[in-house]
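Participant: To start, I am sharing the structure in question, which I have written as structure tokens.
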Amino acid sequence: MKCSLCNENAVFSSPRYCKKHFIYYFEDKVKNTIKKYGLFKKTDKILVAVSGGKDSSSLLYLLNKLRYNVSGLAIDEGISGYRDKTLEGLKKMCKKNSTPLKIVSFNEKFNKTLDEIIKKGKDRPCSVCGILRRNLLNTYSKSFDALATGHNLDDEAQAIIMNLAKGNVSLLERTGPVSGVALSEKFTKRVKPFYLCSEKEIMTYSLLIGLNIEFNECPYVDISFRLRFRDLLNEIELEKPGTKRKIIYWFLKYKKNIKNKKGEPSFCIKCGEPSAKKICNTCLYLEKISQYK
Ligand code: SF4
């Protein structure tokens, strides 16, 4: 199979491009997304939340290549045999590309690893992990203009359908290429430069630029509601290619019509961070886990 633009062999089927043309196509798509949705400016300071997986590592690599003022932030939850491995690859990539990388751990910030929290309590790993991670991302992104994540088109189509199925208007309203903008000055805006890139495109790009990231799954990943939606959408996409893209474009077109009751932003009375409740989930969890012996 030949590239549709030159005589080289194609490395991707839709669009049918060789290595050189696929890289142009992919990087152009990301540049256009940044411009079209006003994600950030050339002078902005950008923090990329990196896990060591293909999406966030490719994003950090690409923003660095495009000469943005970018740094990586990785969170070590303390999941033995998993996070230590993904962080090794990430450190090597950042060293090779001279990209600043900061690693913060649950142990250093909350005095316990995720493994210890799970062993001592009855909490669902992903719930605790999500709350503590969000807290660290919020804390460490304060001096930046934007916090970029590697969320892709597949993730976003799943989020839209899942929030529709749950009737969760407030989460639905907050999804999109940019979020958290007007919440408060205490909250750095969240941006998704890979919003229009499929998982398959990112995987291909990461291989072509030589990231060679091993697939490594967290031992705590459970058969969540979200994974069921992922499998369902993958099945439909196989039968009707383009379905996920249509969900995204439908959402972007009608997002402005989604109305959710908004009040003044409120803040946790203990830590002062944005929170819908009097005491935020992080403070509640920290209080709970401090009692684990
Ligand atoms: Fe954390 Fe769950 Fe992701 Fe594992 S799968 S890193 S526990 S959110």
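Here, A, B, ... name the chains of the structure tokens in the order displayed, residue numbers run from 1 inside each chain, and ligands are numbered from 1 in the same displayed order.
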Using only C-alpha atoms, find each residue in stretch 182-254 of chain A having at least one atom no more than 10 Å away from stretch 65-83 of chain A; report its shortest atom-to-atom pair and that distance in Å (one decimal), rows by chain then rising number, as a Markdown table.

Facilitator:
```
| residue | atom | partner | partner_atom | distance |
| --- | --- | --- | --- | --- |
| A:Asn216 | CA | A:Tyr82 | CA | 7.0 |
| A:Glu217 | CA | A:Tyr82 | CA | 7.3 |
| A:Cys218 | CA | A:Tyr82 | CA | 6.1 |
| A:Pro219 | CA | A:Tyr82 | CA | 7.5 |
| A:Tyr220 | CA | A:Ile79 | CA | 8.8 |
```

Participant: As a PyMOL selection string, please: every protein or nucleic acid residue near ligand 1 (cut-off 6 Å, counting only C-alpha atoms and all ligand atoms).

Facilitator: chain A and resi 125-126+129-130+218+220-221

Participant: Write the residues of the preceding selection, restricted to N, CA and C atoms, as a PDB file, in the first residue's frame.

Facilitator:
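What landed in again.pdb:
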```pdb
ATOM      1  N   PRO A 125      -9.609   1.809  44.794  1.00  0.00           N
ATOM      2  CA  PRO A 125      -8.322   2.405  44.399  1.00  0.00           C
ATOM      3  C   PRO A 125      -8.449   3.605  43.465  1.00  0.00           C
ATOM      4  N   CYS A 126      -9.280   3.476  42.420  1.00  0.00           N
ATOM      5  CA  CYS A 126      -9.343   4.568  41.436  1.00  0.00           C
ATOM      6  C   CYS A 126      -9.982   5.830  42.023  1.00  0.00           C
ATOM      7  N   CYS A 129      -7.204   7.391  44.284  1.00  0.00           N
ATOM      8  CA  CYS A 129      -6.130   7.809  43.388  1.00  0.00           C
ATOM      9  C   CYS A 129      -6.534   9.089  42.639  1.00  0.00           C
ATOM     10  N   GLY A 130      -7.764   9.111  42.109  1.00  0.00           N
ATOM     11  CA  GLY A 130      -8.249  10.259  41.330  1.00  0.00           C
ATOM     12  C   GLY A 130      -8.288  11.518  42.178  1.00  0.00           C
ATOM     13  N   CYS A 218      -2.197  -0.726  35.013  1.00  0.00           N
ATOM     14  CA  CYS A 218      -2.231  -0.591  36.465  1.00  0.00           C
ATOM     15  C   CYS A 218      -2.944  -1.810  37.075  1.00  0.00           C
ATOM     16  N   TYR A 220      -4.652  -2.025  39.619  1.00  0.00           N
ATOM     17  CA  TYR A 220      -5.917  -1.691  40.265  1.00  0.00           C
ATOM     18  C   TYR A 220      -7.045  -1.382  39.272  1.00  0.00           C
ATOM     19  N   VAL A 221      -6.708  -1.381  37.978  1.00  0.00           N
ATOM     20  CA  VAL A 221      -7.747  -0.995  37.013  1.00  0.00           C
ATOM     21  C   VAL A 221      -8.919  -1.971  37.146  1.00  0.00           C
TER      22      VAL A 221
END
```

Participant: What lies within 10 Å of A:Thr33 using only C-alpha atoms, ignoring chain neighbours under 5 positions off, as an mmCIF file with all heavy atoms, in the first residue's frame?

Facilitator:
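Saved to part-v2.cif:
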```
data_model
loop_
_atom_site.group_PDB
_atom_site.id
_atom_site.type_symbol
_atom_site.label_atom_id
_atom_site.label_comp_id
_atom_site.auth_asym_id
_atom_site.auth_seq_id
_atom_site.Cartn_x
_atom_site.Cartn_y
_atom_site.Cartn_z
ATOM 1 N N GLU A 27 1.114 16.308 13.407
ATOM 2 C CA GLU A 27 1.571 17.514 14.106
ATOM 3 C C GLU A 27 0.747 18.734 13.691
ATOM 4 O O GLU A 27 0.445 19.604 14.506
ATOM 5 C CB GLU A 27 3.074 17.724 13.855
ATOM 6 C CG GLU A 27 3.867 16.585 14.507
ATOM 7 C CD GLU A 27 5.381 16.713 14.372
ATOM 8 O OE1 GLU A 27 5.845 17.585 13.609
ATOM 9 O OE2 GLU A 27 6.088 15.924 15.033
ATOM 10 N N ASP A 28 0.342 18.765 12.438
ATOM 11 C CA ASP A 28 -0.505 19.851 11.940
ATOM 12 C C ASP A 28 -1.860 19.857 12.641
ATOM 13 O O ASP A 28 -2.405 20.902 12.970
ATOM 14 C CB ASP A 28 -0.752 19.635 10.443
ATOM 15 C CG ASP A 28 -0.114 20.743 9.661
ATOM 16 O OD1 ASP A 28 0.865 21.317 10.174
ATOM 17 O OD2 ASP A 28 -0.602 21.037 8.543
ATOM 18 N N GLY A 38 -7.923 27.991 21.028
ATOM 19 C CA GLY A 38 -7.202 28.955 21.887
ATOM 20 C C GLY A 38 -6.639 28.298 23.144
ATOM 21 O O GLY A 38 -6.791 28.838 24.242
ATOM 22 N N LEU A 39 -6.003 27.134 23.006
ATOM 23 C CA LEU A 39 -5.558 26.399 24.196
ATOM 24 C C LEU A 39 -4.459 27.149 24.962
ATOM 25 O O LEU A 39 -4.479 27.241 26.171
ATOM 26 C CB LEU A 39 -5.047 24.999 23.817
ATOM 27 C CG LEU A 39 -6.029 24.089 23.065
ATOM 28 C CD1 LEU A 39 -5.514 22.660 23.062
ATOM 29 C CD2 LEU A 39 -7.423 24.127 23.674
ATOM 30 N N PRO A 177 -12.276 20.697 24.754
ATOM 31 C CA PRO A 177 -10.832 20.929 24.613
ATOM 32 C C PRO A 177 -10.227 21.847 25.682
ATOM 33 O O PRO A 177 -9.046 21.776 25.967
ATOM 34 C CB PRO A 177 -10.693 21.565 23.225
ATOM 35 C CG PRO A 177 -12.064 21.844 22.739
ATOM 36 C CD PRO A 177 -13.053 21.148 23.600
ATOM 37 N N LYS A 192 -6.566 20.211 26.256
ATOM 38 C CA LYS A 192 -6.356 18.884 25.660
ATOM 39 C C LYS A 192 -5.932 19.016 24.198
ATOM 40 O O LYS A 192 -6.784 18.978 23.299
ATOM 41 C CB LYS A 192 -7.656 18.084 25.747
ATOM 42 C CG LYS A 192 -8.092 17.827 27.170
ATOM 43 C CD LYS A 192 -9.514 17.329 27.226
ATOM 44 C CE LYS A 192 -10.008 17.288 28.650
ATOM 45 N NZ LYS A 192 -11.476 17.247 28.739
ATOM 46 N N PRO A 193 -4.639 19.183 23.928
ATOM 47 C CA PRO A 193 -4.194 19.365 22.532
ATOM 48 C C PRO A 193 -4.466 18.151 21.639
ATOM 49 O O PRO A 193 -4.540 18.284 20.419
ATOM 50 C CB PRO A 193 -2.689 19.611 22.676
ATOM 51 C CG PRO A 193 -2.506 20.090 24.083
ATOM 52 C CD PRO A 193 -3.536 19.372 24.885
ATOM 53 N N PHE A 194 -4.647 16.942 22.222
ATOM 54 C CA PHE A 194 -4.939 15.743 21.416
ATOM 55 C C PHE A 194 -6.441 15.489 21.291
ATOM 56 O O PHE A 194 -6.857 14.385 20.958
ATOM 57 C CB PHE A 194 -4.277 14.508 22.046
ATOM 58 C CG PHE A 194 -2.783 14.407 21.834
ATOM 59 C CD1 PHE A 194 -2.035 13.469 22.529
ATOM 60 C CD2 PHE A 194 -2.114 15.234 20.937
ATOM 61 C CE1 PHE A 194 -0.652 13.350 22.339
ATOM 62 C CE2 PHE A 194 -0.732 15.134 20.743
ATOM 63 C CZ PHE A 194 -0.001 14.187 21.443
ATOM 64 N N TYR A 195 -7.248 16.514 21.576
ATOM 65 C CA TYR A 195 -8.701 16.349 21.602
ATOM 66 C C TYR A 195 -9.256 15.721 20.317
ATOM 67 O O TYR A 195 -10.194 14.951 20.342
ATOM 68 C CB TYR A 195 -9.347 17.729 21.826
ATOM 69 C CG TYR A 195 -10.812 17.668 22.136
ATOM 70 C CD1 TYR A 195 -11.259 17.313 23.400
ATOM 71 C CD2 TYR A 195 -11.770 17.959 21.164
ATOM 72 C CE1 TYR A 195 -12.603 17.243 23.698
ATOM 73 C CE2 TYR A 195 -13.117 17.895 21.449
ATOM 74 C CZ TYR A 195 -13.530 17.533 22.708
ATOM 75 O OH TYR A 195 -14.871 17.462 22.999
ATOM 76 N N LEU A 196 -8.667 16.069 19.177
ATOM 77 C CA LEU A 196 -9.200 15.546 17.905
ATOM 78 C C LEU A 196 -8.358 14.396 17.336
ATOM 79 O O LEU A 196 -8.565 13.981 16.200
ATOM 80 C CB LEU A 196 -9.311 16.684 16.875
ATOM 81 C CG LEU A 196 -10.249 17.834 17.277
ATOM 82 C CD1 LEU A 196 -10.221 18.946 16.240
ATOM 83 C CD2 LEU A 196 -11.680 17.331 17.459
ATOM 84 N N CYS A 197 -7.392 13.895 18.116
ATOM 85 C CA CYS A 197 -6.542 12.789 17.633
ATOM 86 C C CYS A 197 -7.035 11.466 18.217
ATOM 87 O O CYS A 197 -7.267 11.372 19.429
ATOM 88 C CB CYS A 197 -5.097 12.977 18.086
ATOM 89 S SG CYS A 197 -4.375 14.526 17.540
#
```

Participant: Identify all residues of stretch 3-154 of chain A in strand (DSSP E or B) (DSSP on the backbone) and supply them as a PDB file with N, CA, C and O atoms, in the first residue's frame.

Facilitator:
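Generated output (selection_37.pdb):
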```pdb
ATOM      1  N   ASN A   9       6.043   3.632   1.059  1.00  0.00           N
ATOM      2  CA  ASN A   9       5.027   2.729   1.631  1.00  0.00           C
ATOM      3  C   ASN A   9       4.240   3.447   2.713  1.00  0.00           C
ATOM      4  O   ASN A   9       4.808   4.217   3.498  1.00  0.00           O
ATOM      5  N   PHE A  12       0.082   4.196   7.637  1.00  0.00           N
ATOM      6  CA  PHE A  12      -1.238   4.419   8.235  1.00  0.00           C
ATOM      7  C   PHE A  12      -2.265   4.304   7.121  1.00  0.00           C
ATOM      8  O   PHE A  12      -1.993   4.720   5.985  1.00  0.00           O
ATOM      9  N   SER A  13      -3.453   3.750   7.458  1.00  0.00           N
ATOM     10  CA  SER A  13      -4.391   3.486   6.354  1.00  0.00           C
ATOM     11  C   SER A  13      -5.428   4.575   6.106  1.00  0.00           C
ATOM     12  O   SER A  13      -5.848   4.787   4.971  1.00  0.00           O
ATOM     13  N   ARG A  16      -4.146   7.550   4.160  1.00  0.00           N
ATOM     14  CA  ARG A  16      -3.064   6.644   3.733  1.00  0.00           C
ATOM     15  C   ARG A  16      -1.766   7.434   3.555  1.00  0.00           C
ATOM     16  O   ARG A  16      -1.550   8.067   2.511  1.00  0.00           O
ATOM     17  N   TYR A  17      -0.924   7.424   4.602  1.00  0.00           N
ATOM     18  CA  TYR A  17       0.296   8.222   4.570  1.00  0.00           C
ATOM     19  C   TYR A  17       1.533   7.398   4.925  1.00  0.00           C
ATOM     20  O   TYR A  17       1.457   6.448   5.721  1.00  0.00           O
ATOM     21  N   LYS A  45       3.361  29.491  29.859  1.00  0.00           N
ATOM     22  CA  LYS A  45       4.082  28.422  30.554  1.00  0.00           C
ATOM     23  C   LYS A  45       3.125  27.241  30.692  1.00  0.00           C
ATOM     24  O   LYS A  45       2.047  27.372  31.284  1.00  0.00           O
ATOM     25  N   ILE A  46       3.530  26.111  30.111  1.00  0.00           N
ATOM     26  CA  ILE A  46       2.603  24.970  30.077  1.00  0.00           C
ATOM     27  C   ILE A  46       3.154  23.800  30.894  1.00  0.00           C
ATOM     28  O   ILE A  46       4.323  23.432  30.752  1.00  0.00           O
ATOM     29  N   LEU A  47       2.273  23.234  31.693  1.00  0.00           N
ATOM     30  CA  LEU A  47       2.647  22.040  32.451  1.00  0.00           C
ATOM     31  C   LEU A  47       1.899  20.857  31.839  1.00  0.00           C
ATOM     32  O   LEU A  47       0.679  20.926  31.641  1.00  0.00           O
ATOM     33  N   VAL A  48       2.619  19.791  31.507  1.00  0.00           N
ATOM     34  CA  VAL A  48       1.946  18.603  30.954  1.00  0.00           C
ATOM     35  C   VAL A  48       1.887  17.531  32.049  1.00  0.00           C
ATOM     36  O   VAL A  48       2.918  17.190  32.642  1.00  0.00           O
ATOM     37  N   ALA A  49       0.682  17.038  32.315  1.00  0.00           N
ATOM     38  CA  ALA A  49       0.540  15.947  33.282  1.00  0.00           C
ATOM     39  C   ALA A  49       0.944  14.662  32.569  1.00  0.00           C
ATOM     40  O   ALA A  49       0.270  14.244  31.620  1.00  0.00           O
ATOM     41  N   VAL A  50       2.048  14.065  32.999  1.00  0.00           N
ATOM     42  CA  VAL A  50       2.547  12.864  32.289  1.00  0.00           C
ATOM     43  C   VAL A  50       2.518  11.631  33.186  1.00  0.00           C
ATOM     44  O   VAL A  50       2.897  11.690  34.356  1.00  0.00           O
ATOM     45  N   ASN A  69       7.079  26.574  25.885  1.00  0.00           N
ATOM     46  CA  ASN A  69       7.731  26.624  27.191  1.00  0.00           C
ATOM     47  C   ASN A  69       7.038  25.568  28.068  1.00  0.00           C
ATOM     48  O   ASN A  69       6.050  25.838  28.742  1.00  0.00           O
ATOM     49  N   VAL A  70       7.546  24.342  27.989  1.00  0.00           N
ATOM     50  CA  VAL A  70       6.812  23.222  28.560  1.00  0.00           C
ATOM     51  C   VAL A  70       7.632  22.440  29.583  1.00  0.00           C
ATOM     52  O   VAL A  70       8.858  22.321  29.461  1.00  0.00           O
ATOM     53  N   SER A  71       6.942  21.939  30.629  1.00  0.00           N
ATOM     54  CA  SER A  71       7.569  21.058  31.635  1.00  0.00           C
ATOM     55  C   SER A  71       6.603  19.911  31.882  1.00  0.00           C
ATOM     56  O   SER A  71       5.391  20.057  31.678  1.00  0.00           O
ATOM     57  N   GLY A  72       7.139  18.814  32.384  1.00  0.00           N
ATOM     58  CA  GLY A  72       6.283  17.660  32.697  1.00  0.00           C
ATOM     59  C   GLY A  72       6.108  17.528  34.202  1.00  0.00           C
ATOM     60  O   GLY A  72       7.011  17.860  34.971  1.00  0.00           O
ATOM     61  N   LEU A  73       4.932  17.064  34.602  1.00  0.00           N
ATOM     62  CA  LEU A  73       4.703  16.733  36.007  1.00  0.00           C
ATOM     63  C   LEU A  73       4.192  15.302  36.075  1.00  0.00           C
ATOM     64  O   LEU A  73       3.162  14.973  35.461  1.00  0.00           O
ATOM     65  N   ALA A  74       4.946  14.441  36.757  1.00  0.00           N
ATOM     66  CA  ALA A  74       4.506  13.056  36.895  1.00  0.00           C
ATOM     67  C   ALA A  74       4.175  12.790  38.357  1.00  0.00           C
ATOM     68  O   ALA A  74       4.840  13.314  39.249  1.00  0.00           O
ATOM     69  N   ILE A  75       3.142  12.000  38.578  1.00  0.00           N
ATOM     70  CA  ILE A  75       2.760  11.679  39.951  1.00  0.00           C
ATOM     71  C   ILE A  75       3.036  10.201  40.220  1.00  0.00           C
ATOM     72  O   ILE A  75       2.583   9.333  39.475  1.00  0.00           O
ATOM     73  N   ASP A  76       3.807   9.970  41.257  1.00  0.00           N
ATOM     74  CA  ASP A  76       4.111   8.601  41.642  1.00  0.00           C
ATOM     75  C   ASP A  76       3.167   8.235  42.789  1.00  0.00           C
ATOM     76  O   ASP A  76       3.373   8.648  43.931  1.00  0.00           O
ATOM     77  N   LEU A 101      11.340  17.849  34.070  1.00  0.00           N
ATOM     78  CA  LEU A 101      10.342  16.914  34.595  1.00  0.00           C
ATOM     79  C   LEU A 101      10.376  16.946  36.111  1.00  0.00           C
ATOM     80  O   LEU A 101      11.440  16.854  36.716  1.00  0.00           O
ATOM     81  N   LYS A 102       9.194  17.080  36.714  1.00  0.00           N
ATOM     82  CA  LYS A 102       9.121  17.025  38.184  1.00  0.00           C
ATOM     83  C   LYS A 102       8.290  15.802  38.558  1.00  0.00           C
ATOM     84  O   LYS A 102       7.246  15.546  37.946  1.00  0.00           O
ATOM     85  N   ILE A 103       8.781  15.046  39.535  1.00  0.00           N
ATOM     86  CA  ILE A 103       8.008  13.881  39.990  1.00  0.00           C
ATOM     87  C   ILE A 103       7.618  14.115  41.446  1.00  0.00           C
ATOM     88  O   ILE A 103       8.469  14.412  42.283  1.00  0.00           O
ATOM     89  N   VAL A 104       6.314  14.040  41.732  1.00  0.00           N
ATOM     90  CA  VAL A 104       5.882  14.174  43.129  1.00  0.00           C
ATOM     91  C   VAL A 104       5.171  12.883  43.526  1.00  0.00           C
ATOM     92  O   VAL A 104       4.498  12.265  42.702  1.00  0.00           O
ATOM     93  N   SER A 105       5.354  12.486  44.769  1.00  0.00           N
ATOM     94  CA  SER A 105       4.762  11.202  45.154  1.00  0.00           C
ATOM     95  C   SER A 105       3.716  11.356  46.259  1.00  0.00           C
ATOM     96  O   SER A 105       3.765  12.304  47.049  1.00  0.00           O
ATOM     97  N   ALA A 146      -1.320  27.003  31.768  1.00  0.00           N
ATOM     98  CA  ALA A 146      -2.232  25.931  31.355  1.00  0.00           C
ATOM     99  C   ALA A 146      -1.683  24.582  31.804  1.00  0.00           C
ATOM    100  O   ALA A 146      -0.467  24.379  31.857  1.00  0.00           O
ATOM    101  N   LEU A 147      -2.603  23.693  32.130  1.00  0.00           N
ATOM    102  CA  LEU A 147      -2.231  22.313  32.459  1.00  0.00           C
ATOM    103  C   LEU A 147      -2.746  21.448  31.311  1.00  0.00           C
ATOM    104  O   LEU A 147      -3.959  21.374  31.079  1.00  0.00           O
ATOM    105  N   ALA A 148      -1.818  20.855  30.563  1.00  0.00           N
ATOM    106  CA  ALA A 148      -2.217  20.055  29.392  1.00  0.00           C
ATOM    107  C   ALA A 148      -2.239  18.575  29.742  1.00  0.00           C
ATOM    108  O   ALA A 148      -1.354  18.076  30.442  1.00  0.00           O
TER     109      ALA A 148
END
```

Participant: Excluding A:Cys6 and residues on its chain fewer than 6 positions from it, collect all residues at most 12 Å away from it, counting only C-alpha atoms, and give them as a VMD selection string.

Facilitator: chain A and resid 16 to 22

Participant: Grab the atom CA of A:Arg133 to atom CA of A:Thr282 distance for me, in Å with one decimal place.

Facilitator: 9.5 Å

Participant: Using only C-alpha atoms, which of A:Ala276, A:Val128, A:Ile258, A:Ile34 sits nearest A:Val169?

Facilitator: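 Closest to A:Val169, using only C-alpha atoms: A:Ile258.
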
Participant: When distances are computed from only C-alpha atoms, which of A:Asn281, A:Asn212, A:Gln291, A:Thr243 shows the smallest separation from A:Ser127?

Facilitator: A:Asn281

Participant: Can you work out which one of A:Ser198, A:Lys92, A:Leu87, A:Asn138 has the shortest atom-to-atom distance to A:Pro241, counting only C-alpha atoms?

Facilitator: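 Looking at the shortest contact to A:Pro241, the residue is A:Ser198.
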
Participant: Using only C-alpha atoms, which residues sit within 6 Å of stretch 52-59 of chain A once same-chain residues fewer than 2 positions away are excluded, as a list in words?

Facilitator: Val50, Tyr61, Leu62, Thr86, Leu87, Leu90, Gly150 and Ser206 of chain A

Participant: Any chance you can output those residues with all heavy atoms as an mmCIF file, in the first residue's frame?

Facilitator:
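Everything below was put into part_4.cif:
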```
data_model
loop_
_atom_site.group_PDB
_atom_site.id
_atom_site.type_symbol
_atom_site.label_atom_id
_atom_site.label_comp_id
_atom_site.auth_asym_id
_atom_site.auth_seq_id
_atom_site.Cartn_x
_atom_site.Cartn_y
_atom_site.Cartn_z
ATOM 1 N N VAL A 50 2.048 14.065 32.999
ATOM 2 C CA VAL A 50 2.547 12.864 32.289
ATOM 3 C C VAL A 50 2.518 11.631 33.186
ATOM 4 O O VAL A 50 2.897 11.690 34.356
ATOM 5 C CB VAL A 50 4.007 13.019 31.779
ATOM 6 C CG1 VAL A 50 4.071 13.401 30.343
ATOM 7 C CG2 VAL A 50 4.808 13.965 32.637
ATOM 8 N N TYR A 61 6.555 15.324 24.360
ATOM 9 C CA TYR A 61 7.570 15.317 23.302
ATOM 10 C C TYR A 61 7.214 16.360 22.228
ATOM 11 O O TYR A 61 8.040 17.163 21.816
ATOM 12 C CB TYR A 61 7.647 13.909 22.681
ATOM 13 C CG TYR A 61 8.396 13.856 21.376
ATOM 14 C CD1 TYR A 61 9.773 13.613 21.366
ATOM 15 C CD2 TYR A 61 7.743 14.073 20.160
ATOM 16 C CE1 TYR A 61 10.472 13.594 20.165
ATOM 17 C CE2 TYR A 61 8.438 14.060 18.960
ATOM 18 C CZ TYR A 61 9.804 13.815 18.972
ATOM 19 O OH TYR A 61 10.495 13.810 17.788
ATOM 20 N N LEU A 62 5.943 16.340 21.782
ATOM 21 C CA LEU A 62 5.550 17.215 20.671
ATOM 22 C C LEU A 62 5.573 18.700 21.064
ATOM 23 O O LEU A 62 6.071 19.534 20.306
ATOM 24 C CB LEU A 62 4.163 16.800 20.144
ATOM 25 C CG LEU A 62 3.585 17.649 19.026
ATOM 26 C CD1 LEU A 62 4.545 17.762 17.835
ATOM 27 C CD2 LEU A 62 2.250 17.091 18.539
ATOM 28 N N THR A 86 6.865 2.729 34.553
ATOM 29 C CA THR A 86 6.488 3.761 33.573
ATOM 30 C C THR A 86 7.329 5.030 33.775
ATOM 31 O O THR A 86 7.668 5.720 32.823
ATOM 32 C CB THR A 86 4.982 4.103 33.619
ATOM 33 O OG1 THR A 86 4.670 4.603 34.899
ATOM 34 C CG2 THR A 86 4.093 2.936 33.316
ATOM 35 N N LEU A 87 7.694 5.311 35.042
ATOM 36 C CA LEU A 87 8.476 6.522 35.303
ATOM 37 C C LEU A 87 9.909 6.407 34.771
ATOM 38 O O LEU A 87 10.499 7.411 34.363
ATOM 39 C CB LEU A 87 8.502 6.839 36.803
ATOM 40 C CG LEU A 87 7.171 7.330 37.386
ATOM 41 C CD1 LEU A 87 7.286 7.596 38.873
ATOM 42 C CD2 LEU A 87 6.683 8.600 36.680
ATOM 43 N N LEU A 90 9.924 7.438 31.179
ATOM 44 C CA LEU A 90 9.644 8.868 31.087
ATOM 45 C C LEU A 90 10.895 9.697 31.416
ATOM 46 O O LEU A 90 11.223 10.669 30.719
ATOM 47 C CB LEU A 90 8.509 9.198 32.052
ATOM 48 C CG LEU A 90 8.023 10.622 32.094
ATOM 49 C CD1 LEU A 90 7.447 11.028 30.748
ATOM 50 C CD2 LEU A 90 6.970 10.794 33.176
ATOM 51 N N GLY A 150 -3.122 14.427 28.166
ATOM 52 C CA GLY A 150 -3.061 13.661 26.912
ATOM 53 C C GLY A 150 -4.392 13.059 26.490
ATOM 54 O O GLY A 150 -4.406 12.136 25.674
ATOM 55 N N SER A 206 3.552 7.782 18.287
ATOM 56 C CA SER A 206 4.542 7.453 19.332
ATOM 57 C C SER A 206 5.547 6.420 18.818
ATOM 58 O O SER A 206 6.732 6.488 19.138
ATOM 59 C CB SER A 206 3.854 6.983 20.615
ATOM 60 O OG SER A 206 3.313 5.703 20.438
#
```

Participant: Set the distance at 7 Å and use only C-alpha atoms: which residues neighbour A:Ala157 once local chain neighbours fewer than 3 positions away are removed? I'd like the list as a list in words.

Facilitator: Leu153, Asp154, Ile160, Ile161, Lys244, Ile247 and Ile248 of chain A

Participant: Please run DSSP on the backbone and report, as JSON, numbers by chain, all residues within stretch 41-258 of chain A that come out as alpha helix (DSSP H).

Facilitator: {"A": [54, 55, 56, 57, 58, 59, 60, 61, 62, 63, 64, 65, 83, 84, 85, 86, 87, 88, 89, 90, 91, 92, 93, 94, 95, 96, 106, 107, 108, 109, 110, 114, 115, 116, 117, 118, 119, 120, 125, 126, 127, 128, 129, 130, 131, 132, 133, 134, 135, 136, 137, 138, 139, 140, 153, 154, 155, 156, 157, 158, 159, 160, 161, 162, 163, 164, 165, 166, 169, 170, 171, 172, 173, 174, 199, 200, 201, 202, 203, 204, 205, 206, 207, 208, 225, 226, 227, 228, 229, 230, 231, 232, 233, 234, 235, 236, 237, 238, 239, 243, 244, 245, 246, 247, 248, 249, 250, 251, 252, 253, 254]}

Participant: List as a list in words the protein and nucleic acid residues near stretch 269-273 of chain A, meaning an atom at most 9 Å away when only C-alpha atoms are counted, but skip any in the same chain fewer than 5 places from it.

Facilitator: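 Answer for this query is Asn135, Asn138, Thr139, Lys186, Phe187, Lys278, Ile279, Cys280 and Cys283 of chain A.
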
Participant: Output N, CA and C atoms for every residue in the selection just made, as a PDB file, in the first residue's frame.

Facilitator:
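Produced file result-v8.pdb, reproduced below:
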```pdb
ATOM      1  N   ASN A 135      -5.672  16.734  43.354  1.00  0.00           N
ATOM      2  CA  ASN A 135      -5.171  17.710  44.319  1.00  0.00           C
ATOM      3  C   ASN A 135      -3.731  18.117  43.982  1.00  0.00           C
ATOM      4  N   ASN A 138      -3.581  20.218  40.763  1.00  0.00           N
ATOM      5  CA  ASN A 138      -4.060  21.570  41.034  1.00  0.00           C
ATOM      6  C   ASN A 138      -2.975  22.386  41.756  1.00  0.00           C
ATOM      7  N   THR A 139      -2.375  21.777  42.776  1.00  0.00           N
ATOM      8  CA  THR A 139      -1.335  22.471  43.558  1.00  0.00           C
ATOM      9  C   THR A 139      -0.135  22.846  42.687  1.00  0.00           C
ATOM     10  N   LYS A 186      -7.915  30.508  41.163  1.00  0.00           N
ATOM     11  CA  LYS A 186      -7.155  29.489  41.878  1.00  0.00           C
ATOM     12  C   LYS A 186      -7.019  28.215  41.048  1.00  0.00           C
ATOM     13  N   PHE A 187      -7.632  28.210  39.896  1.00  0.00           N
ATOM     14  CA  PHE A 187      -7.694  26.997  39.103  1.00  0.00           C
ATOM     15  C   PHE A 187      -7.070  27.242  37.737  1.00  0.00           C
ATOM     16  N   LYS A 278     -18.591  22.083  51.405  1.00  0.00           N
ATOM     17  CA  LYS A 278     -17.951  22.897  52.444  1.00  0.00           C
ATOM     18  C   LYS A 278     -16.503  22.433  52.675  1.00  0.00           C
ATOM     19  N   ILE A 279     -16.342  21.108  52.802  1.00  0.00           N
ATOM     20  CA  ILE A 279     -14.998  20.530  52.949  1.00  0.00           C
ATOM     21  C   ILE A 279     -14.756  19.674  51.709  1.00  0.00           C
ATOM     22  N   CYS A 280     -13.625  19.902  51.028  1.00  0.00           N
ATOM     23  CA  CYS A 280     -13.399  19.206  49.753  1.00  0.00           C
ATOM     24  C   CYS A 280     -13.101  17.718  49.955  1.00  0.00           C
ATOM     25  N   CYS A 283      -9.613  16.871  51.475  1.00  0.00           N
ATOM     26  CA  CYS A 283      -9.492  17.034  52.926  1.00  0.00           C
ATOM     27  C   CYS A 283     -10.210  15.896  53.650  1.00  0.00           C
TER      28      CYS A 283
END
```
